[in-house]
file my_file.csv (CSV, C-alpha atoms)
chain,number,residue,atom,x,y,z
A,36,MET,CA,24.4,32.5,-21.0
A,37,SER,CA,21.6,35.0,-21.2
A,38,ASN,CA,20.5,37.5,-18.5
A,39,GLN,CA,20.1,34.7,-16.0
A,40,ALA,CA,22.4,34.6,-13.0
A,41,PRO,CA,25.6,32.7,-13.8
A,42,VAL,CA,26.0,29.2,-12.7
A,43,VAL,CA,29.1,28.9,-10.5
A,44,LEU,CA,31.1,25.7,-10.1
A,45,HIS,CA,32.8,26.0,-6.7
A,46,VAL,CA,35.5,23.5,-5.9
A,47,ASP,CA,36.9,23.3,-2.3
A,48,ASP,CA,37.8,20.4,-0.1
A,49,ASP,CA,36.9,22.3,3.1
A,50,GLU,CA,33.3,21.7,4.1
A,51,ASP,CA,33.1,24.9,6.1
A,52,ILE,CA,34.2,27.1,3.2
A,53,ARG,CA,31.8,25.3,0.9
A,54,GLU,CA,28.9,26.1,3.3
A,55,ILE,CA,29.9,29.7,3.6
A,56,VAL,CA,30.3,30.2,-0.1
A,57,ASN,CA,27.0,28.5,-0.9
A,58,LEU,CA,25.1,30.5,1.7
A,59,SER,CA,26.7,33.8,0.5
A,60,LEU,CA,26.3,33.3,-3.2
A,61,GLU,CA,22.8,31.9,-3.1
A,62,THR,CA,21.2,34.1,-0.4
A,63,ILE,CA,23.0,37.4,-1.0
A,64,GLY,CA,24.0,37.1,-4.7
A,65,GLY,CA,21.1,35.1,-6.0
A,66,LEU,CA,23.6,33.0,-7.9
A,67,LYS,CA,23.2,29.3,-8.8
A,68,VAL,CA,26.0,27.3,-7.1
A,69,ALA,CA,27.2,23.7,-7.8
A,70,GLN,CA,29.9,22.4,-5.5
A,71,CYS,CA,32.5,19.8,-5.7
A,72,VAL,CA,34.9,18.4,-3.1
A,73,SER,CA,37.9,17.9,-5.3
A,74,GLY,CA,39.4,18.5,-8.7
A,75,SER,CA,38.5,15.0,-9.9
A,76,ASP,CA,35.0,15.5,-8.6
A,77,ALA,CA,34.7,18.7,-10.7
A,78,LEU,CA,36.1,17.0,-13.8
A,79,SER,CA,33.5,14.2,-13.6
A,80,LYS,CA,30.6,16.6,-13.1
A,81,VAL,CA,31.4,19.7,-15.1
A,82,ALA,CA,29.6,18.5,-18.3
A,83,GLU,CA,26.4,17.9,-16.3
A,84,ILE,CA,26.6,21.2,-14.4
A,85,GLN,CA,27.5,23.4,-17.4
A,86,PRO,CA,28.9,26.2,-15.3
A,87,ASP,CA,29.5,29.8,-16.5
A,88,LEU,CA,32.2,30.3,-14.0
A,89,PHE,CA,34.8,28.3,-12.0
A,90,LEU,CA,35.6,29.2,-8.4
A,91,LEU,CA,38.5,27.1,-7.4
A,92,ASP,CA,40.4,26.7,-4.1
A,93,VAL,CA,44.2,26.7,-4.8
A,94,MET,CA,45.5,24.4,-2.1
A,95,MET,CA,43.7,21.0,-2.3
A,96,PRO,CA,45.0,17.5,-1.7
A,97,GLU,CA,45.6,15.3,-4.7
A,98,MET,CA,44.9,18.0,-7.3
A,99,SER,CA,45.6,21.7,-6.8
A,100,GLY,CA,43.3,24.4,-8.1
A,101,ILE,CA,45.8,25.2,-10.8
A,102,GLU,CA,46.0,21.6,-12.0
A,103,THR,CA,42.2,21.4,-11.8
A,104,LEU,CA,41.8,24.4,-14.1
A,105,SER,CA,44.3,23.1,-16.5
A,106,ARG,CA,42.3,19.9,-16.9
A,107,LEU,CA,38.9,21.6,-17.0
A,108,ARG,CA,40.3,23.8,-19.8
A,109,LYS,CA,40.9,20.7,-21.9
A,110,ILE,CA,37.2,19.7,-21.9
A,111,PRO,CA,35.4,20.9,-25.0
A,112,GLY,CA,33.1,23.8,-24.1
A,113,PHE,CA,35.1,25.0,-21.1
A,114,GLU,CA,38.3,26.2,-22.8
A,115,LYS,CA,37.4,29.8,-22.0
A,116,THR,CA,35.1,29.6,-19.0
A,117,PRO,CA,36.3,32.4,-16.6
A,118,ALA,CA,38.0,31.1,-13.5
A,119,ILE,CA,38.5,32.7,-10.1
A,120,PHE,CA,41.0,31.3,-7.6
A,121,MET,CA,40.5,31.4,-3.8
A,122,THR,CA,43.6,31.3,-1.7
A,123,ALA,CA,44.7,31.9,1.8
A,124,LYS,CA,48.1,32.7,0.5
A,125,ALA,CA,48.4,36.1,-1.0
A,126,ARG,CA,52.1,36.1,-1.5
A,127,ALA,CA,53.1,38.0,-4.6
A,128,ASP,CA,55.0,35.0,-6.1
A,129,GLN,CA,51.9,32.7,-5.8
A,130,SER,CA,49.6,35.4,-7.2
A,131,ALA,CA,51.7,35.6,-10.3
A,132,ALA,CA,51.3,31.8,-10.8
A,133,LEU,CA,47.6,32.1,-10.5
A,134,TRP,CA,47.3,34.8,-13.1
A,135,ASP,CA,49.7,32.8,-15.4
A,136,ALA,CA,47.4,29.9,-15.0
A,137,GLY,CA,44.6,31.9,-16.5
A,138,ALA,CA,42.8,33.4,-13.6
A,139,ALA,CA,40.2,36.1,-14.2
A,140,GLY,CA,40.4,37.0,-10.6
A,141,VAL,CA,41.9,36.0,-7.2
A,142,ILE,CA,40.0,36.2,-4.0
A,143,THR,CA,41.9,36.0,-0.7
A,144,LYS,CA,40.7,34.0,2.3
A,145,PRO,CA,39.5,34.9,4.7
A,146,PHE,CA,36.8,36.8,2.8
A,147,ASP,CA,33.7,38.8,3.7
A,148,PRO,CA,30.7,36.6,2.9
A,149,THR,CA,28.5,39.7,2.5
A,150,SER,CA,30.6,41.2,-0.3
A,151,LEU,CA,31.8,37.9,-1.9
A,152,PRO,CA,28.9,37.8,-4.5
A,153,GLU,CA,29.6,41.3,-5.6
A,154,GLN,CA,33.3,40.5,-6.1
A,155,ILE,CA,32.5,37.5,-8.1
A,156,VAL,CA,29.9,39.1,-10.3
A,157,ASP,CA,32.3,42.0,-10.9
A,158,ILE,CA,35.1,39.7,-12.0
A,159,PHE,CA,32.7,37.6,-14.1
A,160,ALA,CA,31.4,40.7,-15.9
A,161,LYS,CA,34.9,42.0,-16.7
A,162,ALA,CA,36.0,38.6,-18.0
A,163,ARG,CA,32.9,38.4,-20.2
A,164,ALA,CA,33.5,41.9,-21.5
A,165,ALA,CA,37.1,41.1,-22.3
A,166,SER,CA,36.3,37.9,-24.2
B,1430,MET,CA,15.7,39.8,-5.2
B,1431,ASN,CA,13.8,40.2,-2.0
B,1432,GLU,CA,16.4,41.6,0.5
B,1433,THR,CA,14.3,40.9,3.6
B,1434,LYS,CA,14.0,37.3,2.7
B,1435,VAL,CA,17.7,37.1,1.8
B,1436,ASP,CA,18.8,38.5,5.1
B,1437,ALA,CA,16.4,36.2,7.0
B,1438,ARG,CA,18.2,33.2,5.5
B,1439,PHE,CA,21.7,34.5,5.5
B,1440,SER,CA,22.2,35.6,9.2
B,1441,PRO,CA,21.0,32.5,10.9
B,1442,GLY,CA,22.9,30.4,8.4
B,1443,MET,CA,26.1,32.2,9.1
B,1444,GLU,CA,25.5,31.9,12.9
B,1445,ARG,CA,25.0,28.2,12.6
B,1446,ILE,CA,28.2,27.8,10.6
B,1447,ARG,CA,30.1,30.0,13.1
B,1448,LEU,CA,28.9,28.0,16.1
B,1449,ALA,CA,29.7,24.7,14.5
B,1450,PHE,CA,33.2,26.0,13.7
B,1451,ILE,CA,33.8,27.1,17.3
B,1452,GLU,CA,32.9,23.5,18.4
B,1453,LYS,CA,35.4,22.1,15.8
B,1454,LEU,CA,37.9,24.7,17.0
B,1455,ALA,CA,38.0,23.0,20.4
B,1456,GLY,CA,39.0,19.7,18.9
B,1457,HIS,CA,41.6,21.4,16.7
B,1458,ALA,CA,43.1,23.3,19.7
B,1459,LEU,CA,43.7,19.9,21.3
B,1460,THR,CA,45.3,18.7,18.1
B,1461,PHE,CA,47.8,21.6,18.2
B,1462,VAL,CA,48.6,20.8,21.8
B,1463,ARG,CA,49.2,17.1,20.9
B,1464,LEU,CA,51.5,18.1,18.0
B,1465,CYS,CA,53.5,20.4,20.4
B,1466,ARG,CA,54.0,17.4,22.7
B,1467,GLU,CA,55.2,15.3,19.8
B,1468,ILE,CA,57.6,17.9,18.6
B,1469,GLU,CA,58.9,18.3,22.1
B,1470,ALA,CA,59.4,14.6,22.5
B,1471,GLY,CA,61.2,14.4,19.1
B,1472,GLN,CA,58.5,12.1,17.6
B,1473,ALA,CA,58.9,12.9,13.8
B,1474,PRO,CA,58.9,16.6,14.7
B,1475,ARG,CA,59.1,17.9,11.2
B,1476,ASP,CA,56.1,15.9,10.2
B,1477,ALA,CA,54.3,17.2,13.2
B,1478,LEU,CA,55.2,20.8,12.2
B,1479,ARG,CA,54.0,20.3,8.7
B,1480,GLU,CA,50.7,18.9,10.0
B,1481,MET,CA,50.4,21.9,12.3
B,1482,GLN,CA,51.1,24.3,9.4
B,1483,LEU,CA,48.5,22.7,7.2
B,1484,LEU,CA,45.9,22.6,9.9
B,1485,ALA,CA,46.5,26.3,10.7
B,1486,HIS,CA,46.3,27.2,7.1
B,1487,ARG,CA,43.0,25.4,6.5
B,1488,MET,CA,41.4,26.9,9.7
B,1489,TYR,CA,42.7,30.4,9.1
B,1490,GLY,CA,40.5,30.9,6.0
B,1491,VAL,CA,37.4,29.8,7.7
B,1492,ALA,CA,38.0,31.7,11.0
B,1493,GLY,CA,38.2,35.1,9.4
B,1494,SER,CA,35.3,34.4,7.1
B,1495,VAL,CA,32.9,33.5,10.0
B,1496,GLY,CA,33.8,36.6,12.0
B,1497,LEU,CA,36.5,35.3,14.4
B,1498,PRO,CA,39.4,37.6,13.5
B,1499,GLU,CA,41.3,37.0,16.7
B,1500,VAL,CA,41.3,33.2,16.0
B,1501,GLY,CA,42.3,33.9,12.4
B,1502,GLU,CA,45.2,36.0,13.4
B,1503,THR,CA,46.5,33.4,15.9
B,1504,LEU,CA,46.3,30.7,13.3
B,1505,ARG,CA,48.1,32.9,10.8
B,1506,GLN,CA,50.9,33.4,13.4
B,1507,ILE,CA,51.1,29.6,13.8
B,1508,GLU,CA,51.2,29.0,10.1
B,1509,THR,CA,53.7,31.8,9.4
B,1510,LYS,CA,56.1,30.9,12.2
B,1511,VAL,CA,56.2,27.2,11.3
B,1512,GLN,CA,56.6,27.9,7.6
B,1513,PHE,CA,59.5,30.4,8.4
B,1514,GLY,CA,61.3,27.9,10.6
B,1515,LEU,CA,60.9,24.9,8.2
B,1516,ARG,CA,62.1,26.9,5.2
B,1517,ARG,CA,65.2,28.0,7.0
B,1518,ASN,CA,65.7,24.5,8.4
B,1519,HIS,CA,65.7,25.7,12.0
B,1520,ASP,CA,65.9,23.3,14.9
B,1521,THR,CA,62.5,21.9,15.6
B,1522,GLN,CA,62.7,22.9,19.3
B,1523,LYS,CA,63.5,26.4,18.3
B,1524,ILE,CA,60.5,26.5,16.0
B,1525,LEU,CA,58.3,25.1,18.8
B,1526,ARG,CA,59.4,27.9,21.1
B,1527,THR,CA,58.1,30.5,18.7
B,1528,VAL,CA,54.9,28.6,18.0
B,1529,ARG,CA,53.8,27.4,21.5
B,1530,PRO,CA,52.7,30.8,22.9
B,1531,HIS,CA,50.2,31.1,19.9
B,1532,VAL,CA,49.0,27.5,20.5
B,1533,VAL,CA,48.4,28.5,24.2
B,1534,ASN,CA,46.6,31.6,23.1
B,1535,LEU,CA,44.4,29.6,20.6
B,1536,GLY,CA,43.3,27.4,23.5
B,1537,ARG,CA,42.5,30.4,25.7
B,1538,ILE,CA,40.5,32.2,22.9
B,1539,THR,CA,38.6,28.9,22.1
B,1540,GLN,CA,37.6,28.5,25.7
B,1541,ALA,CA,36.4,32.1,25.8
B,1542,TYR,CA,34.3,31.7,22.8
B,1543,ARG,CA,32.7,28.5,24.1
B,1544,TYR,CA,32.2,29.4,27.7
B,1545,GLY,CA,32.7,33.2,27.9
B,1546,PRO,CA,35.8,35.0,29.2
B,1547,ARG,CA,37.0,34.0,32.7
call {"tool": "encode", "arguments": {"input": "my_file.csv", "output": "structure tokens"}}
result
Amino acid sequence: MSNQAPVVLHVDDDEDIREIVNLSLETIGGLKVAQCVSGSDALSKVAEIQPDLFLLDVMMPEMSGIETLSRLRKIPGFEKTPAIFMTAKARADQSAALWDAGAAGVITKPFDPTSLPEQIVDIFAKARAAS
Amino acid sequence: MNETKVDARFSPGMERIRLAFIEKLAGHALTFVRLCREIEAGQAPRDALREMQLLAHRMYGVAGSVGLPEVGETLRQIETKVQFGLRRNHDTQKILRTVRPHVVNLGRITQAYRYGPR
């Protein structure tokens, strides 16, 4: 990636959350957003989208966010793509599992759509600097 | 980035999402009432409680994000109390007693958002 805005691959089964995140990241953050409705949807489209960052809901039917990330990481070219988890459960035990799964950051729902882009860009910058 | 243009797109977009969510909320509030009745009648009450927990969990994240904190807090109470009761294997009627006031409150808040306070 150059100085262009990062391309975010957002995966969430909830239509309302997808709408809010898309509106927030595109209009406030000026980010490019591609969205998928499930982990399997993301796995089939990731090569085409070529994201710089994964933004994954944790609790999804069929395939959780953690499982989705694990599978995305096995696809050549995406082994080190930074990942942020979004979760409505901020319990300490679950947070630990998210960090263990390789999260660059964790964002708790509900979130403030006006500050979400800044949070994401900040996490992304730190992850890039660390790699 | 042109901030005036960004604001012009963002605020109406959020308002549209918020209004659509309030409309969905009315349907979900009725679902909570139906699930309460199923639990009360002993119709697969643990399944009904799990459905209630999942629905509350899903809606909670959206409610707070579209600026409906009172709805979000009520949903969080429903999710937390069902989760607590199921984890400790409490009697389903006992769990229902702790949850029902919040379901009633959700219906009241929903009506207030749709039609204004009465």
call {"tool": "residues_around", "arguments": {"input": "my_file.csv", "residues": "Gly1536 in chain B", "least_positions_apart": "3", "cutoff": "9 Å", "atoms": "all atoms listed in the file", "output": "list in words"}}
result
Leu1454, Ala1455, Ala1458, Leu1459, Val1462, His1531, Val1532, Val1533, Thr1539, Gln1540 and Ala1541 of chain B
call {"tool": "closest_atom_pairs", "arguments": {"input": "my_file.csv", "of": "chain B", "to": "chain A", "cutoff": "10 Å", "atoms": "all atoms listed in the file", "output": "JSON lines"}}
result
{"residue": "B:Met1430", "atom": "CA", "partner": "A:Gly65", "partner_atom": "CA", "distance": 7.2}
{"residue": "B:Asn1431", "atom": "CA", "partner": "A:Ile63", "partner_atom": "CA", "distance": 9.7}
{"residue": "B:Glu1432", "atom": "CA", "partner": "A:Ile63", "partner_atom": "CA", "distance": 8.0}
{"residue": "B:Lys1434", "atom": "CA", "partner": "A:Thr62", "partner_atom": "CA", "distance": 8.5}
{"residue": "B:Val1435", "atom": "CA", "partner": "A:Thr62", "partner_atom": "CA", "distance": 5.1}
{"residue": "B:Asp1436", "atom": "CA", "partner": "A:Thr62", "partner_atom": "CA", "distance": 7.4}
{"residue": "B:Ala1437", "atom": "CA", "partner": "A:Thr62", "partner_atom": "CA", "distance": 9.1}
{"residue": "B:Arg1438", "atom": "CA", "partner": "A:Thr62", "partner_atom": "CA", "distance": 6.7}
{"residue": "B:Phe1439", "atom": "CA", "partner": "A:Thr62", "partner_atom": "CA", "distance": 5.9}
{"residue": "B:Ser1440", "atom": "CA", "partner": "A:Leu58", "partner_atom": "CA", "distance": 9.5}
{"residue": "B:Gly1442", "atom": "CA", "partner": "A:Leu58", "partner_atom": "CA", "distance": 7.1}
{"residue": "B:Met1443", "atom": "CA", "partner": "A:Ile55", "partner_atom": "CA", "distance": 7.1}
{"residue": "B:Ile1446", "atom": "CA", "partner": "A:Asp51", "partner_atom": "CA", "distance": 7.3}
{"residue": "B:Arg1447", "atom": "CA", "partner": "A:Asp51", "partner_atom": "CA", "distance": 9.2}
{"residue": "B:Ala1449", "atom": "CA", "partner": "A:Asp51", "partner_atom": "CA", "distance": 9.1}
{"residue": "B:Phe1450", "atom": "CA", "partner": "A:Asp51", "partner_atom": "CA", "distance": 7.7}
{"residue": "B:Leu1483", "atom": "CA", "partner": "A:Met94", "partner_atom": "CA", "distance": 9.9}
{"residue": "B:His1486", "atom": "CA", "partner": "A:Ala123", "partner_atom": "CA", "distance": 7.3}
{"residue": "B:Arg1487", "atom": "CA", "partner": "A:Asp49", "partner_atom": "CA", "distance": 7.6}
{"residue": "B:Met1488", "atom": "CA", "partner": "A:Asp49", "partner_atom": "CA", "distance": 9.2}
{"residue": "B:Tyr1489", "atom": "CA", "partner": "A:Pro145", "partner_atom": "CA", "distance": 7.1}
{"residue": "B:Gly1490", "atom": "CA", "partner": "A:Pro145", "partner_atom": "CA", "distance": 4.3}
{"residue": "B:Val1491", "atom": "CA", "partner": "A:Ile52", "partner_atom": "CA", "distance": 6.1}
{"residue": "B:Ala1492", "atom": "CA", "partner": "A:Pro145", "partner_atom": "CA", "distance": 7.2}
{"residue": "B:Gly1493", "atom": "CA", "partner": "A:Pro145", "partner_atom": "CA", "distance": 4.9}
{"residue": "B:Ser1494", "atom": "CA", "partner": "A:Pro145", "partner_atom": "CA", "distance": 4.9}
{"residue": "B:Val1495", "atom": "CA", "partner": "A:Ile55", "partner_atom": "CA", "distance": 8.0}
{"residue": "B:Gly1496", "atom": "CA", "partner": "A:Asp147", "partner_atom": "CA", "distance": 8.6}
{"residue": "B:Pro1498", "atom": "CA", "partner": "A:Pro145", "partner_atom": "CA", "distance": 9.2}
{"residue": "B:Gly1501", "atom": "CA", "partner": "A:Pro145", "partner_atom": "CA", "distance": 8.3}
{"residue": "B:Arg1505", "atom": "CA", "partner": "A:Ala123", "partner_atom": "CA", "distance": 9.7}
call {"tool": "write_last_selection", "arguments": {"input": "my_file.csv", "atoms": "C-alpha atoms", "output": "CSV table (one decimal), keeping the file's coordinate frame"}}
result
chain,number,residue,atom,x,y,z
B,1430,MET,CA,15.7,39.8,-5.2
B,1431,ASN,CA,13.8,40.2,-2.0
B,1432,GLU,CA,16.4,41.6,0.5
B,1434,LYS,CA,14.0,37.3,2.7
B,1435,VAL,CA,17.7,37.1,1.8
B,1436,ASP,CA,18.8,38.5,5.1
B,1437,ALA,CA,16.4,36.2,7.0
B,1438,ARG,CA,18.2,33.2,5.5
B,1439,PHE,CA,21.7,34.5,5.5
B,1440,SER,CA,22.2,35.6,9.2
B,1442,GLY,CA,22.9,30.4,8.4
B,1443,MET,CA,26.1,32.2,9.1
B,1446,ILE,CA,28.2,27.8,10.6
B,1447,ARG,CA,30.1,30.0,13.1
B,1449,ALA,CA,29.7,24.7,14.5
B,1450,PHE,CA,33.2,26.0,13.7
B,1483,LEU,CA,48.5,22.7,7.2
B,1486,HIS,CA,46.3,27.2,7.1
B,1487,ARG,CA,43.0,25.4,6.5
B,1488,MET,CA,41.4,26.9,9.7
B,1489,TYR,CA,42.7,30.4,9.1
B,1490,GLY,CA,40.5,30.9,6.0
B,1491,VAL,CA,37.4,29.8,7.7
B,1492,ALA,CA,38.0,31.7,11.0
B,1493,GLY,CA,38.2,35.1,9.4
B,1494,SER,CA,35.3,34.4,7.1
B,1495,VAL,CA,32.9,33.5,10.0
B,1496,GLY,CA,33.8,36.6,12.0
B,1498,PRO,CA,39.4,37.6,13.5
B,1501,GLY,CA,42.3,33.9,12.4
B,1505,ARG,CA,48.1,32.9,10.8
call {"tool": "atom_distance", "arguments": {"input": "my_file.csv", "atom1": "CA of Leu1448 in chain B", "atom2": "CA of Ser150 in chain A"}}
result
21.1 Å
call {"tool": "residues_near_point", "arguments": {"input": "my_file.csv", "point": "(61.2, 14.8, 11.8)", "cutoff": "12 Å", "atoms": "all atoms listed in the file", "output": "PDB file with C-alpha atoms, in the frame of the given file"}}
result
ATOM      1  CA  LEU B1464      51.500  18.100  18.000  1.00  0.00           C
ATOM      2  CA  GLU B1467      55.200  15.300  19.800  1.00  0.00           C
ATOM      3  CA  ILE B1468      57.600  17.900  18.600  1.00  0.00           C
ATOM      4  CA  GLU B1469      58.900  18.300  22.100  1.00  0.00           C
ATOM      5  CA  ALA B1470      59.400  14.600  22.500  1.00  0.00           C
ATOM      6  CA  GLY B1471      61.200  14.400  19.100  1.00  0.00           C
ATOM      7  CA  GLN B1472      58.500  12.100  17.600  1.00  0.00           C
ATOM      8  CA  ALA B1473      58.900  12.900  13.800  1.00  0.00           C
ATOM      9  CA  PRO B1474      58.900  16.600  14.700  1.00  0.00           C
ATOM     10  CA  ARG B1475      59.100  17.900  11.200  1.00  0.00           C
ATOM     11  CA  ASP B1476      56.100  15.900  10.200  1.00  0.00           C
ATOM     12  CA  ALA B1477      54.300  17.200  13.200  1.00  0.00           C
ATOM     13  CA  LEU B1478      55.200  20.800  12.200  1.00  0.00           C
ATOM     14  CA  ARG B1479      54.000  20.300   8.700  1.00  0.00           C
ATOM     15  CA  GLU B1480      50.700  18.900  10.000  1.00  0.00           C
ATOM     16  CA  LEU B1515      60.900  24.900   8.200  1.00  0.00           C
ATOM     17  CA  ASN B1518      65.700  24.500   8.400  1.00  0.00           C
ATOM     18  CA  HIS B1519      65.700  25.700  12.000  1.00  0.00           C
ATOM     19  CA  ASP B1520      65.900  23.300  14.900  1.00  0.00           C
ATOM     20  CA  THR B1521      62.500  21.900  15.600  1.00  0.00           C
ATOM     21  CA  GLN B1522      62.700  22.900  19.300  1.00  0.00           C
TER      22      GLN B1522
END
call {"tool": "atom_distance", "arguments": {"input": "my_file.csv", "atom1": "CA of Phe1461 in chain B", "atom2": "CA of Glu1499 in chain B"}}
result
16.8 Å
call {"tool": "atom_distance", "arguments": {"input": "my_file.csv", "atom1": "CA of Glu153 in chain A", "atom2": "CA of Ala82 in chain A"}}
result
26.1 Å
call {"tool": "residues_around", "arguments": {"input": "my_file.csv", "residues": "range 84-93 of chain A", "least_positions_apart": "5", "cutoff": "6 Å", "atoms": "only C-alpha atoms", "output": "list in words"}}
result
Pro41, Val42, Val43, Leu44, His45, Val46, Asp47, Ser99, Gly100, Thr116, Pro117, Ala118, Ile119, Phe120, Met121 and Thr122 of chain A
call {"tool": "write_last_selection", "arguments": {"input": "my_file.csv", "atoms": "C-alpha atoms", "output": "PDB file, in the frame of the given file"}}
result
ATOM      1  CA  PRO A  41      25.600  32.700 -13.800  1.00  0.00           C
ATOM      2  CA  VAL A  42      26.000  29.200 -12.700  1.00  0.00           C
ATOM      3  CA  VAL A  43      29.100  28.900 -10.500  1.00  0.00           C
ATOM      4  CA  LEU A  44      31.100  25.700 -10.100  1.00  0.00           C
ATOM      5  CA  HIS A  45      32.800  26.000  -6.700  1.00  0.00           C
ATOM      6  CA  VAL A  46      35.500  23.500  -5.900  1.00  0.00           C
ATOM      7  CA  ASP A  47      36.900  23.300  -2.300  1.00  0.00           C
ATOM      8  CA  SER A  99      45.600  21.700  -6.800  1.00  0.00           C
ATOM      9  CA  GLY A 100      43.300  24.400  -8.100  1.00  0.00           C
ATOM     10  CA  THR A 116      35.100  29.600 -19.000  1.00  0.00           C
ATOM     11  CA  PRO A 117      36.300  32.400 -16.600  1.00  0.00           C
ATOM     12  CA  ALA A 118      38.000  31.100 -13.500  1.00  0.00           C
ATOM     13  CA  ILE A 119      38.500  32.700 -10.100  1.00  0.00           C
ATOM     14  CA  PHE A 120      41.000  31.300  -7.600  1.00  0.00           C
ATOM     15  CA  MET A 121      40.500  31.400  -3.800  1.00  0.00           C
ATOM     16  CA  THR A 122      43.600  31.300  -1.700  1.00  0.00           C
TER      17      THR A 122
END
call {"tool": "residues_around", "arguments": {"input": "my_file.csv", "residues": "Val1511 in chain B", "least_positions_apart": "2", "cutoff": "9 Å", "atoms": "only C-alpha atoms", "output": "short mmCIF file (atom, residue, chain, number, x, y, z; two decimals) with C-alpha atoms, in the frame of the given file"}}
result
data_model
loop_
_atom_site.label_atom_id
_atom_site.label_comp_id
_atom_site.auth_asym_id
_atom_site.auth_seq_id
_atom_site.Cartn_x
_atom_site.Cartn_y
_atom_site.Cartn_z
CA LEU B 1478 55.20 20.80 12.20
CA ARG B 1479 54.00 20.30 8.70
CA MET B 1481 50.40 21.90 12.30
CA GLN B 1482 51.10 24.30 9.40
CA GLN B 1506 50.90 33.40 13.40
CA ILE B 1507 51.10 29.60 13.80
CA GLU B 1508 51.20 29.00 10.10
CA THR B 1509 53.70 31.80 9.40
CA PHE B 1513 59.50 30.40 8.40
CA GLY B 1514 61.30 27.90 10.60
CA LEU B 1515 60.90 24.90 8.20
CA ARG B 1516 62.10 26.90 5.20
CA ILE B 1524 60.50 26.50 16.00
CA LEU B 1525 58.30 25.10 18.80
CA THR B 1527 58.10 30.50 18.70
CA VAL B 1528 54.90 28.60 18.00
#
call {"tool": "closest_residue", "arguments": {"input": "my_file.csv", "among": "A:Val68, A:Trp134, A:Leu78, A:Lys115", "to": "Arg163 in chain A", "atoms": "all atoms listed in the file"}}
result
A:Lys115
call {"tool": "build_atoms", "arguments": {"input": "my_file.csv", "residues": "range 52-56 of chain A", "atoms": "all heavy atoms", "output": "compact mmCIF listing (two decimals), in the coordinates of the input"}}
result
# COMPACT_ATOMS: atom_id res chain seq x y z
N ILE A 52 34.15 26.05 4.27
CA ILE A 52 34.20 27.10 3.20
C ILE A 52 33.11 26.83 2.18
O ILE A 52 32.47 27.79 1.72
CB ILE A 52 35.61 27.02 2.50
CG1 ILE A 52 36.72 27.48 3.47
CG2 ILE A 52 35.61 27.88 1.23
CD1 ILE A 52 36.71 28.95 3.81
N ARG A 53 32.85 25.58 1.86
CA ARG A 53 31.80 25.30 0.90
C ARG A 53 30.42 25.81 1.43
O ARG A 53 29.65 26.42 0.70
CB ARG A 53 31.67 23.79 0.61
CG ARG A 53 32.79 23.24 -0.24
CD ARG A 53 32.39 21.90 -0.90
NE ARG A 53 31.93 20.91 0.05
CZ ARG A 53 32.72 20.09 0.73
NH1 ARG A 53 34.03 20.12 0.54
NH2 ARG A 53 32.22 19.21 1.57
N GLU A 54 30.19 25.60 2.70
CA GLU A 54 28.90 26.10 3.30
C GLU A 54 28.81 27.58 3.26
O GLU A 54 27.76 28.13 2.92
CB GLU A 54 28.85 25.61 4.76
CG GLU A 54 28.22 24.25 4.96
CD GLU A 54 27.72 24.08 6.39
OE1 GLU A 54 26.58 24.44 6.66
OE2 GLU A 54 28.50 23.57 7.21
N ILE A 55 29.90 28.26 3.61
CA ILE A 55 29.90 29.70 3.60
C ILE A 55 29.67 30.29 2.24
O ILE A 55 28.85 31.19 2.03
CB ILE A 55 31.18 30.29 4.25
CG1 ILE A 55 31.36 29.82 5.70
CG2 ILE A 55 31.19 31.81 4.19
CD1 ILE A 55 32.76 30.03 6.24
N VAL A 56 30.42 29.74 1.28
CA VAL A 56 30.30 30.20 -0.10
C VAL A 56 28.91 29.99 -0.65
O VAL A 56 28.31 30.87 -1.27
CB VAL A 56 31.39 29.57 -0.99
CG1 VAL A 56 31.12 29.84 -2.46
CG2 VAL A 56 32.78 30.08 -0.61
